[in-house]
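Enquirer: Handing you this structure, nothing more for now.
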Amino acid sequence: MKAEGACMSQGEPVAGGGPAAAGAGLKALPRDFYGREVNLVARELVGCRLMHEGVGGVIVETEAYNRNDPACHAHRGMTERNRVMFGPPGRAYVYFSYGMHHLLNIVCEREGEPAAVLIRALEPREGIERMRSRRAPVVELRQLANGPGKLCQALGIDLARNGEPVYRGPLKIYPPDSEWQGTGIVATPRIGISVGTRRKWRYCAAGSRFLSRKA
DNA sequence: CCTGCGATTTGCT
DNA sequence: GCAAATCGCAGGC
């Protein structure tokens with residue numbers, strides 16, 4: 001909500017934004033939106049719209065990770081894989097997991113302080129047929145992007161996006177549209193990790209049917 | 001509905 | 001050598 005005020009300026013349509021941008025507000029969230037405490041950003045990203053080359057939807061589930069957290073890739077210092085997490089905020093940290101899935105994070109906090117928000121699930125809104133063809137044979141709307149690996153597959157996100165800014169670039173995030181104002185957020189333990197499970201750093205849109213798992 | 005397991009590659013112990 | 005921020009399928013209840 002704070003971020004919204006920061007980018008409410010009006011003007012001509014964003015170049016290359018197309019119908020996607022029109023549906024979610026004209027301007028992408030600014031770089032400074034991400035340069036804040038990672039749990040705050042994770043919570044506020046729920047309800048925002050994620051777009052990649054004309055395909056995307058509303059973020060309904062996120063998780064926060066930071067340096068002090070044993071489940072975080074950066075907990076034990078910098079490696080070739082997690083290097084982007086140590087860089088400036090507002091960039092995509094994409095990595096390859098289980099030998100077959102890509103997972104998308106957005107880098108947060110100040111440069112040098114590794115932290116990121118994992119984008120876990122999306123309510124599909126645009127480019128649905130392209131999502132279906134990438135996710136084939138899956139056809140059901142709720143199964144297209146209700147998980148971090150599925151989401152990257154549906155949107156065509158891979159290592160080529162690693163390190164790229166999401167405030168400008170093929171991957172973009174827009175503030176919530178008016179109908180999402182007031183949607184509740186539920187915090188729960190994170191999914192798929194074996195340490196740090198006591199933290200409730202997973203944020204879900206209350207009542208959404210597009211979550212990877214029920215909140 | 002729920003639980004368990006195999007796929008398949010990388011990164012780090 | 002093994003675990004991993006996952007997914008989809010098989011099998012049981």
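For the structure tokens, the naming scheme is as follows: chains receive sequential letters (A, B, ...) according to their order of presentation, residues are indexed from 1 within each chain, and ligands are indexed from 1 in presentation order.
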Within chain A, find each residue whose DSSP state, derived from the backbone, is alpha helix (DSSP H), and express the selection as a count of residues only.
Expert: 40
Enquirer: Could I get the residues of chain C with an atom no further than 12 Å from an atom of chain A, each paired with its nearest atom pair and that distance in Å to one decimal, using only C-alpha atoms (C1' of nucleotides), sorted by chain and residue number, as CSV?
Expert:
```
residue,atom,partner,partner_atom,distance
C:DA3,C1',A:Tyr98,CA,9.7
C:DA4,C1',A:Tyr98,CA,6.2
C:DA5,C1',A:Gly192,CA,6.2
C:DT6,C1',A:Gly149,CA,6.3
C:DC7,C1',A:Gly149,CA,7.8
C:DG8,C1',A:Val138,CA,10.8
```
Enquirer: Can those selected residues be exported to a file as a JSON list (two decimals), in the first residue's frame so that it contains N, CA, C and O atoms (P, O5', C5', C4', C3', O3' and C1' of nucleotides)?
Expert:
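Saved file result_25.json follows:
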```json
[["chain", "number", "residue", "atom", "x", "y", "z"],
["C", 3, "DA", "P", 20.64, -37.88, 2.52],
["C", 3, "DA", "O5'", 20.09, -36.41, 2.77],
["C", 3, "DA", "C5'", 20.99, -35.36, 3.11],
["C", 3, "DA", "C4'", 20.57, -34.10, 2.39],
["C", 3, "DA", "C3'", 19.06, -33.90, 2.30],
["C", 3, "DA", "O3'", 18.75, -32.58, 2.69],
["C", 3, "DA", "C1'", 20.04, -33.75, 0.13],
["C", 4, "DA", "P", 17.28, -32.04, 2.77],
["C", 4, "DA", "O5'", 17.24, -31.15, 1.45],
["C", 4, "DA", "C5'", 18.23, -30.15, 1.25],
["C", 4, "DA", "C4'", 18.04, -29.52, -0.11],
["C", 4, "DA", "C3'", 16.59, -29.10, -0.43],
["C", 4, "DA", "O3'", 16.61, -27.83, -1.06],
["C", 4, "DA", "C1'", 17.42, -30.47, -2.14],
["C", 5, "DA", "P", 16.21, -26.58, -0.14],
["C", 5, "DA", "O5'", 14.74, -26.15, -0.56],
["C", 5, "DA", "C5'", 13.58, -26.71, 0.04],
["C", 5, "DA", "C4'", 12.36, -25.91, -0.41],
["C", 5, "DA", "C3'", 12.12, -25.89, -1.91],
["C", 5, "DA", "O3'", 10.75, -25.67, -2.18],
["C", 5, "DA", "C1'", 12.65, -23.73, -1.21],
["C", 6, "DT", "P", 9.77, -26.99, -2.42],
["C", 6, "DT", "O5'", 10.28, -27.59, -3.80],
["C", 6, "DT", "C5'", 10.21, -26.79, -4.98],
["C", 6, "DT", "C4'", 9.59, -27.57, -6.11],
["C", 6, "DT", "C3'", 8.08, -27.81, -5.97],
["C", 6, "DT", "O3'", 7.47, -27.33, -7.16],
["C", 6, "DT", "C1'", 9.20, -29.86, -6.40],
["C", 7, "DC", "P", 5.89, -27.34, -7.36],
["C", 7, "DC", "O5'", 5.61, -28.69, -8.17],
["C", 7, "DC", "C5'", 6.30, -28.85, -9.40],
["C", 7, "DC", "C4'", 6.05, -30.22, -9.97],
["C", 7, "DC", "C3'", 4.58, -30.64, -10.03],
["C", 7, "DC", "O3'", 4.27, -30.93, -11.37],
["C", 7, "DC", "C1'", 5.94, -32.36, -9.07],
["C", 8, "DG", "P", 2.79, -31.11, -11.87],
["C", 8, "DG", "O5'", 2.65, -32.70, -12.02],
["C", 8, "DG", "C5'", 3.54, -33.37, -12.89],
["C", 8, "DG", "C4'", 3.41, -34.86, -12.69],
["C", 8, "DG", "C3'", 1.97, -35.36, -12.70],
["C", 8, "DG", "O3'", 1.92, -36.56, -13.45],
["C", 8, "DG", "C1'", 3.02, -36.01, -10.70]]
```
Enquirer: Rank nothing, just name the residue among A:Pro189, A:Gly77, A:Pro170, A:Gly47 nearest to chain B, using only C-alpha atoms (C1' of nucleotides).
Expert: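 Looking only at the distances to chain B, the closest residue turns out to be A:Gly77.
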Enquirer: Can you work out which one of A:Arg67, A:Arg91, A:Arg76, A:Arg110 has the shortest atom-to-atom distance to chain B, counting only C-alpha atoms (C1' of nucleotides)?
Expert: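 Comparing A:Arg67, A:Arg91, A:Arg76, A:Arg110 against chain B, the winner is A:Arg76.
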Enquirer: Got a sec to pull out which chain B residues are within 9 Å of chain A, counting only C-alpha atoms (C1' of nucleotides), and send them as a VMD selection string?
Expert: chain B and resid 7 to 11
Enquirer: Would you work out the distance separating atom CA of A:Leu29 from atom CA of A:Ala215, expressed in Å to one decimal?
Expert: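 Taking atom CA of A:Leu29 as the start and atom CA of A:Ala215 as the end point, the length is 26.4 Å.
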Enquirer: Near B:DT3, within 12 Å and counting only C-alpha atoms (C1' of nucleotides), which residues show up once chain neighbours fewer than 4 positions away are dropped, as a PyMOL selection string?
Expert: chain C and resi 10-13
Enquirer: Among stretch 36-91 of chain A, which ones does DSSP assign to strand (DSSP E) (computed from the backbone)? Answer as a list in words.
Expert: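 Taking stretch 36-91 of chain A and keeping strand (DSSP E) gives Arg49, Leu50, Met51, His52, Val55, Gly56, Gly57, Val58, Ile59, Val60, Glu61, Thr62, Glu63, Ala64, Tyr65 and Asn66 of chain A.
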Enquirer: Give the answer as one residue: which of A:Ala28, A:Leu45, A:Val195, A:Ala205 has the shortest atom-to-atom distance to A:Cys108, using only C-alpha atoms?
Expert: A:Leu45
Enquirer: Kindly give the distance, in Å, that separates atom CA of A:Leu26 and atom CA of A:Pro175, rounded to a single decimal.
Expert: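 Computing the Euclidean distance for atom CA of A:Leu26 and atom CA of A:Pro175 yields 9.0 Å.
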Enquirer: Report the distance between atom CA of A:Gly87 and atom CA of A:Pro30 in Å, rounded to one decimal place.
Expert: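 Separating atom CA of A:Gly87 from atom CA of A:Pro30 is a distance of 16.4 Å.
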